[in-house]
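Note: the block below is start.pdb and it holds PDB, N, CA and C atoms.
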ATOM      1  N   MET A  77      86.065 105.338  98.260
ATOM      2  CA  MET A  77      86.757 104.349  99.056
ATOM      3  C   MET A  77      87.773 103.621  98.167
ATOM      4  N   GLU A  78      88.995 103.521  98.637
ATOM      5  CA  GLU A  78      90.038 102.856  97.862
ATOM      6  C   GLU A  78      89.962 101.353  98.055
ATOM      7  N   ILE A  79      90.063 100.635  96.950
ATOM      8  CA  ILE A  79      90.099  99.176  97.012
ATOM      9  C   ILE A  79      91.549  98.764  97.219
ATOM     10  N   LYS A  80      91.806  97.982  98.255
ATOM     11  CA  LYS A  80      93.167  97.548  98.557
ATOM     12  C   LYS A  80      93.643  96.553  97.511
ATOM     13  N   LYS A  81      94.916  96.680  97.167
ATOM     14  CA  LYS A  81      95.525  95.744  96.241
ATOM     15  C   LYS A  81      95.793  94.444  96.969
ATOM     16  N   GLY A  82      95.520  93.347  96.300
ATOM     17  CA  GLY A  82      95.715  92.048  96.922
ATOM     18  C   GLY A  82      96.934  91.315  96.406
ATOM     19  N   TYR A  83      97.811  92.019  95.701
ATOM     20  CA  TYR A  83      98.990  91.357  95.155
ATOM     21  C   TYR A  83     100.259  91.996  95.708
ATOM     22  N   GLN A  84     101.348  91.241  95.613
ATOM     23  CA  GLN A  84     102.649  91.719  96.056
ATOM     24  C   GLN A  84     103.662  91.437  94.952
ATOM     25  N   LEU A  85     104.653  92.316  94.853
ATOM     26  CA  LEU A  85     105.734  92.137  93.897
ATOM     27  C   LEU A  85     107.043  92.031  94.662
ATOM     28  N   SER A  86     107.884  91.106  94.238
ATOM     29  CA  SER A  86     109.251  91.072  94.746
ATOM     30  C   SER A  86     110.175  91.020  93.538
ATOM     31  N   THR A  87     111.338  91.639  93.687
ATOM     32  CA  THR A  87     112.254  91.805  92.564
ATOM     33  C   THR A  87     113.650  91.364  92.950
ATOM     34  N   ALA A  88     114.322  90.717  92.011
ATOM     35  CA  ALA A  88     115.721  90.335  92.190
ATOM     36  C   ALA A  88     116.408  90.413  90.836
ATOM     37  N   VAL A  89     117.696  90.645  90.867
ATOM     38  CA  VAL A  89     118.494  90.619  89.639
ATOM     39  C   VAL A  89     119.552  89.538  89.827
ATOM     40  N   LYS A  90     119.530  88.550  88.932
ATOM     41  CA  LYS A  90     120.471  87.430  88.979
ATOM     42  C   LYS A  90     121.019  87.204  87.584
ATOM     43  N   ASN A  91     122.337  87.177  87.458
ATOM     44  CA  ASN A  91     122.972  86.925  86.158
ATOM     45  C   ASN A  91     122.431  87.841  85.066
ATOM     46  N   ASN A  92     122.265  89.116  85.397
ATOM     47  CA  ASN A  92     121.756  90.127  84.464
ATOM     48  C   ASN A  92     120.323  89.894  84.009
ATOM     49  N   ILE A  93     119.582  89.088  84.738
ATOM     50  CA  ILE A  93     118.163  88.860  84.450
ATOM     51  C   ILE A  93     117.356  89.447  85.603
ATOM     52  N   THR A  94     116.458  90.354  85.263
ATOM     53  CA  THR A  94     115.575  90.928  86.274
ATOM     54  C   THR A  94     114.391  89.988  86.447
ATOM     55  N   GLU A  95     114.193  89.551  87.676
ATOM     56  CA  GLU A  95     113.089  88.631  87.974
ATOM     57  C   GLU A  95     112.075  89.346  88.851
ATOM     58  N   ILE A  96     110.824  89.318  88.425
ATOM     59  CA  ILE A  96     109.732  89.884  89.203
ATOM     60  C   ILE A  96     108.782  88.742  89.539
ATOM     61  N   VAL A  97     108.548  88.554  90.825
ATOM     62  CA  VAL A  97     107.631  87.509  91.284
ATOM     63  C   VAL A  97     106.366  88.208  91.769
ATOM     64  N   ILE A  98     105.235  87.790  91.202
ATOM     65  CA  ILE A  98     103.950  88.373  91.572
ATOM     66  C   ILE A  98     103.146  87.307  92.306
ATOM     67  N   THR A  99     102.707  87.637  93.507
ATOM     68  CA  THR A  99     101.894  86.714  94.300
ATOM     69  C   THR A  99     100.637  87.441  94.762
ATOM     70  N   GLY A 100      99.696  86.681  95.264
ATOM     71  CA  GLY A 100      98.456  87.261  95.758
ATOM     72  C   GLY A 100      97.355  87.159  94.726
ATOM     73  N   GLU A 101      96.446  88.113  94.780
ATOM     74  CA  GLU A 101      95.284  88.085  93.890
ATOM     75  C   GLU A 101      95.158  89.419  93.165
ATOM     76  N   VAL A 102      94.920  89.341  91.876
ATOM     77  CA  VAL A 102      94.730  90.540  91.064
ATOM     78  C   VAL A 102      93.270  90.609  90.649
ATOM     79  N   THR A 103      92.670  91.751  90.874
ATOM     80  CA  THR A 103      91.307  91.981  90.411
ATOM     81  C   THR A 103      91.365  92.830  89.147
ATOM     82  N   PHE A 104      90.294  92.838  88.412
ATOM     83  CA  PHE A 104      90.237  93.619  87.180
ATOM     84  C   PHE A 104      90.550  95.088  87.452
ATOM     85  N   ALA A 105      90.133  95.575  88.619
ATOM     86  CA  ALA A 105      90.348  96.985  88.975
ATOM     87  C   ALA A 105      91.823  97.330  89.111
ATOM     88  N   HIS A 106      92.681  96.326  89.312
ATOM     89  CA  HIS A 106      94.102  96.595  89.542
ATOM     90  C   HIS A 106      95.029  96.108  88.432
ATOM     91  N   VAL A 107      94.494  95.595  87.357
ATOM     92  CA  VAL A 107      95.337  95.088  86.274
ATOM     93  C   VAL A 107      96.220  96.202  85.709
ATOM     94  N   ASP A 108      95.660  97.369  85.497
ATOM     95  CA  ASP A 108      96.454  98.480  84.963
ATOM     96  C   ASP A 108      97.540  98.909  85.946
ATOM     97  N   ASP A 109      97.225  98.926  87.240
ATOM     98  CA  ASP A 109      98.224  99.271  88.256
ATOM     99  C   ASP A 109      99.370  98.273  88.241
ATOM    100  N   LEU A 110      99.037  97.000  88.163
ATOM    101  CA  LEU A 110     100.061  95.955  88.129
ATOM    102  C   LEU A 110     100.952  96.127  86.908
ATOM    103  N   ARG A 111     100.345  96.330  85.748
ATOM    104  CA  ARG A 111     101.118  96.547  84.528
ATOM    105  C   ARG A 111     102.072  97.722  84.685
ATOM    106  N   ASP A 112     101.574  98.815  85.245
ATOM    107  CA  ASP A 112     102.409 100.004  85.420
ATOM    108  C   ASP A 112     103.550  99.754  86.400
ATOM    109  N   GLU A 113     103.287  99.031  87.462
ATOM    110  CA  GLU A 113     104.335  98.720  88.435
ATOM    111  C   GLU A 113     105.429  97.855  87.817
ATOM    112  N   VAL A 114     105.037  96.845  87.057
ATOM    113  CA  VAL A 114     106.027  95.981  86.393
ATOM    114  C   VAL A 114     106.837  96.801  85.393
ATOM    115  N   ARG A 115     106.175  97.634  84.632
ATOM    116  CA  ARG A 115     106.857  98.488  83.649
ATOM    117  C   ARG A 115     107.859  99.424  84.336
ATOM    118  N   ASN A 116     107.452 100.024  85.444
ATOM    119  CA  ASN A 116     108.334 100.937  86.167
ATOM    120  C   ASN A 116     109.549 100.226  86.750
ATOM    121  N   ILE A 117     109.350  99.026  87.266
ATOM    122  CA  ILE A 117     110.477  98.253  87.798
ATOM    123  C   ILE A 117     111.470  97.949  86.680
ATOM    124  N   ALA A 118     110.964  97.467  85.564
ATOM    125  CA  ALA A 118     111.845  97.132  84.430
ATOM    126  C   ALA A 118     112.591  98.366  83.953
ATOM    127  N   TRP A 119     111.918  99.487  83.871
ATOM    128  CA  TRP A 119     112.537 100.726  83.411
ATOM    129  C   TRP A 119     113.590 101.207  84.410
ATOM    130  N   THR A 120     113.237 101.218  85.693
ATOM    131  CA  THR A 120     114.147 101.697  86.741
ATOM    132  C   THR A 120     115.418 100.863  86.807
ATOM    133  N   LEU A 121     115.277  99.550  86.669
ATOM    134  CA  LEU A 121     116.431  98.656  86.741
ATOM    135  C   LEU A 121     117.122  98.490  85.392
ATOM    136  N   ASN A 122     116.622  99.186  84.370
ATOM    137  CA  ASN A 122     117.195  99.103  83.028
ATOM    138  C   ASN A 122     117.328  97.637  82.589
ATOM    139  N   ALA A 123     116.242  96.912  82.767
ATOM    140  CA  ALA A 123     116.245  95.473  82.504
ATOM    141  C   ALA A 123     116.484  95.178  81.025
ATOM    142  N   LYS A 124     117.454  94.336  80.763
ATOM    143  CA  LYS A 124     117.723  93.861  79.404
ATOM    144  C   LYS A 124     117.035  92.510  79.171
ATOM    145  N   ALA A 125     116.888  91.747  80.256
ATOM    146  CA  ALA A 125     116.168  90.467  80.218
ATOM    147  C   ALA A 125     115.227  90.466  81.418
ATOM    148  N   LEU A 126     113.996  90.061  81.195
ATOM    149  CA  LEU A 126     112.978  90.128  82.233
ATOM    150  C   LEU A 126     112.260  88.790  82.346
ATOM    151  N   LEU A 127     112.196  88.282  83.558
ATOM    152  CA  LEU A 127     111.465  87.052  83.847
ATOM    153  C   LEU A 127     110.380  87.404  84.860
ATOM    154  N   ILE A 128     109.130  87.129  84.514
ATOM    155  CA  ILE A 128     108.018  87.421  85.413
ATOM    156  C   ILE A 128     107.381  86.103  85.820
ATOM    157  N   ASP A 129     107.438  85.814  87.113
ATOM    158  CA  ASP A 129     106.893  84.571  87.669
ATOM    159  C   ASP A 129     105.518  84.868  88.251
ATOM    160  N   VAL A 130     104.485  84.279  87.663
ATOM    161  CA  VAL A 130     103.115  84.490  88.129
ATOM    162  C   VAL A 130     102.508  83.203  88.687
ATOM    163  N   THR A 131     103.347  82.224  88.982
ATOM    164  CA  THR A 131     102.811  80.942  89.448
ATOM    165  C   THR A 131     102.075  81.073  90.775
ATOM    166  N   GLY A 132     102.406  82.081  91.568
ATOM    167  CA  GLY A 132     101.728  82.278  92.850
ATOM    168  C   GLY A 132     100.601  83.281  92.776
ATOM    169  N   LEU A 133     100.181  83.633  91.573
ATOM    170  CA  LEU A 133      99.148  84.645  91.390
ATOM    171  C   LEU A 133      97.787  83.998  91.258
ATOM    172  N   LYS A 134      96.827  84.547  91.991
ATOM    173  CA  LYS A 134      95.450  84.071  91.896
ATOM    174  C   LYS A 134      94.681  85.034  91.012
ATOM    175  N   GLY A 135      93.725  84.519  90.295
ATOM    176  CA  GLY A 135      92.896  85.352  89.428
ATOM    177  C   GLY A 135      92.159  84.455  88.451
ATOM    178  N   THR A 136      91.181  84.997  87.824
ATOM    179  CA  THR A 136      90.432  84.210  86.854
ATOM    180  C   THR A 136      90.786  84.672  85.451
ATOM    181  N   SER A 137      90.407  83.902  84.481
ATOM    182  CA  SER A 137      90.660  84.308  83.098
ATOM    183  C   SER A 137      89.912  85.593  82.779
ATOM    184  N   GLN A 138      88.821  85.865  83.480
ATOM    185  CA  GLN A 138      88.074  87.109  83.254
ATOM    186  C   GLN A 138      88.901  88.318  83.677
ATOM    187  N   THR A 139      89.761  88.139  84.688
ATOM    188  CA  THR A 139      90.617  89.226  85.141
ATOM    189  C   THR A 139      91.534  89.675  84.015
ATOM    190  N   TRP A 140      92.001  88.714  83.241
ATOM    191  CA  TRP A 140      92.984  89.004  82.204
ATOM    192  C   TRP A 140      92.354  89.279  80.860
ATOM    193  N   GLY A 141      91.041  89.260  80.777
ATOM    194  CA  GLY A 141      90.364  89.632  79.539
ATOM    195  C   GLY A 141      90.293  88.529  78.506
ATOM    196  N   LYS A 142      90.386  87.275  78.927
ATOM    197  CA  LYS A 142      90.283  86.162  77.966
ATOM    198  C   LYS A 142      88.838  85.893  77.644
TER     199      LYS A 142
END
What do you get writing this file as structure tokens?
Amino acid sequence: MEIKKGYQLSTAVKNNITEIVITGEVTFAHVDDLRDEVRNIAWTLNAKALLIDVTGLKGTSQTWGK
């Protein structure tokens, strides 16, 4: 059974800065998926400057391995 991802990504490019906004909830099971998605976006857009906004992200310190 697939566990549904509880996070969303939105992307914009402003003044040559790639901005990725992550909202929702990240579980430990999806941390690697999230990392890969952010990496792919940066690579695809050939980002020279990257701003990642996680202020709308829910999760615990255990999710991030602290």
### Task
To one decimal in Å, tell me the separation between atom C of A:Lys81 and atom CA of A:Phe104.
11.3 Å
### Task
Output the residue selection produced by the PyMOL selection byres ((chain A and resi 102) around 6) on the file above, formatted as an MDAnalysis selection string.
chainID A and resid 82:83 100:101 103:104 106 134:135
Applying 8 Å and all atoms listed in the file, which residues near stretch 113-127 of chain A remain after dropping the ones on its own chain fewer than 4 positions away? List them as a JSON list (two decimals) with N, CA and C atoms, in the coordinates of the input.
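In the end it all went to part01.json:
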[["chain", "number", "residue", "atom", "x", "y", "z"],
["A", 92, "ASN", "N", 122.26, 89.12, 85.40],
["A", 92, "ASN", "CA", 121.76, 90.13, 84.46],
["A", 92, "ASN", "C", 120.32, 89.89, 84.01],
["A", 93, "ILE", "N", 119.58, 89.09, 84.74],
["A", 93, "ILE", "CA", 118.16, 88.86, 84.45],
["A", 93, "ILE", "C", 117.36, 89.45, 85.60],
["A", 94, "THR", "N", 116.46, 90.35, 85.26],
["A", 94, "THR", "CA", 115.58, 90.93, 86.27],
["A", 94, "THR", "C", 114.39, 89.99, 86.45],
["A", 95, "GLU", "N", 114.19, 89.55, 87.68],
["A", 95, "GLU", "CA", 113.09, 88.63, 87.97],
["A", 95, "GLU", "C", 112.08, 89.35, 88.85],
["A", 96, "ILE", "N", 110.82, 89.32, 88.42],
["A", 96, "ILE", "CA", 109.73, 89.88, 89.20],
["A", 96, "ILE", "C", 108.78, 88.74, 89.54],
["A", 97, "VAL", "N", 108.55, 88.55, 90.82],
["A", 97, "VAL", "CA", 107.63, 87.51, 91.28],
["A", 97, "VAL", "C", 106.37, 88.21, 91.77],
["A", 107, "VAL", "N", 94.49, 95.60, 87.36],
["A", 107, "VAL", "CA", 95.34, 95.09, 86.27],
["A", 107, "VAL", "C", 96.22, 96.20, 85.71],
["A", 108, "ASP", "N", 95.66, 97.37, 85.50],
["A", 108, "ASP", "CA", 96.45, 98.48, 84.96],
["A", 108, "ASP", "C", 97.54, 98.91, 85.95],
["A", 109, "ASP", "N", 97.22, 98.93, 87.24],
["A", 109, "ASP", "CA", 98.22, 99.27, 88.26],
["A", 109, "ASP", "C", 99.37, 98.27, 88.24]]
### Task
Work out how far atom N of A:Arg111 is from atom N of A:Thr99, in Å to one decimal.
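A separation of 11.9 Å between them.
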### Evaluate the PyMOL selection byres (((chain A and resi 86 and name CA) around 8) and name CA) and report residues as a PyMOL selection string
chain A and resi 84-85+87-88+96-98
### Task
Write down as a list in words the residues of chain A whose backbone DSSP state falls under strand (DSSP E or B).
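Here are the strand (DSSP E or B) residues of chain A: Gly82, Tyr83, Gln84, Leu85, Ser86, Thr87, Ala88, Val89, Lys90, Ile93, Thr94, Glu95, Ile96, Val97, Ile98, Thr99, Gly100, Glu101, Leu126, Leu127, Ile128, Asp129, Val130, Thr131, Gly132, Leu133 and Lys134 of chain A.
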Could you please write out, as a CSV table (one decimal) with N, CA and C atoms, keeping the file's coordinate frame, every residue of chain A that DSSP assigns to alpha helix (DSSP H)?
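Contents of states-v1.csv, as written:
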chain,number,residue,atom,x,y,z
A,107,VAL,N,94.5,95.6,87.4
A,107,VAL,CA,95.3,95.1,86.3
A,107,VAL,C,96.2,96.2,85.7
A,108,ASP,N,95.7,97.4,85.5
A,108,ASP,CA,96.5,98.5,85.0
A,108,ASP,C,97.5,98.9,85.9
A,109,ASP,N,97.2,98.9,87.2
A,109,ASP,CA,98.2,99.3,88.3
A,109,ASP,C,99.4,98.3,88.2
A,110,LEU,N,99.0,97.0,88.2
A,110,LEU,CA,100.1,96.0,88.1
A,110,LEU,C,101.0,96.1,86.9
A,111,ARG,N,100.3,96.3,85.7
A,111,ARG,CA,101.1,96.5,84.5
A,111,ARG,C,102.1,97.7,84.7
A,112,ASP,N,101.6,98.8,85.2
A,112,ASP,CA,102.4,100.0,85.4
A,112,ASP,C,103.6,99.8,86.4
A,113,GLU,N,103.3,99.0,87.5
A,113,GLU,CA,104.3,98.7,88.4
A,113,GLU,C,105.4,97.9,87.8
A,114,VAL,N,105.0,96.8,87.1
A,114,VAL,CA,106.0,96.0,86.4
A,114,VAL,C,106.8,96.8,85.4
A,115,ARG,N,106.2,97.6,84.6
A,115,ARG,CA,106.9,98.5,83.6
A,115,ARG,C,107.9,99.4,84.3
A,116,ASN,N,107.5,100.0,85.4
A,116,ASN,CA,108.3,100.9,86.2
A,116,ASN,C,109.5,100.2,86.8
A,117,ILE,N,109.4,99.0,87.3
A,117,ILE,CA,110.5,98.3,87.8
A,117,ILE,C,111.5,97.9,86.7
A,118,ALA,N,111.0,97.5,85.6
A,118,ALA,CA,111.8,97.1,84.4
A,118,ALA,C,112.6,98.4,84.0
A,119,TRP,N,111.9,99.5,83.9
A,119,TRP,CA,112.5,100.7,83.4
A,119,TRP,C,113.6,101.2,84.4
A,120,THR,N,113.2,101.2,85.7
A,120,THR,CA,114.1,101.7,86.7
A,120,THR,C,115.4,100.9,86.8
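Here atom CA of A:Ile128 is placed at a distance of 13.0 Å from atom CA of A:Lys90.
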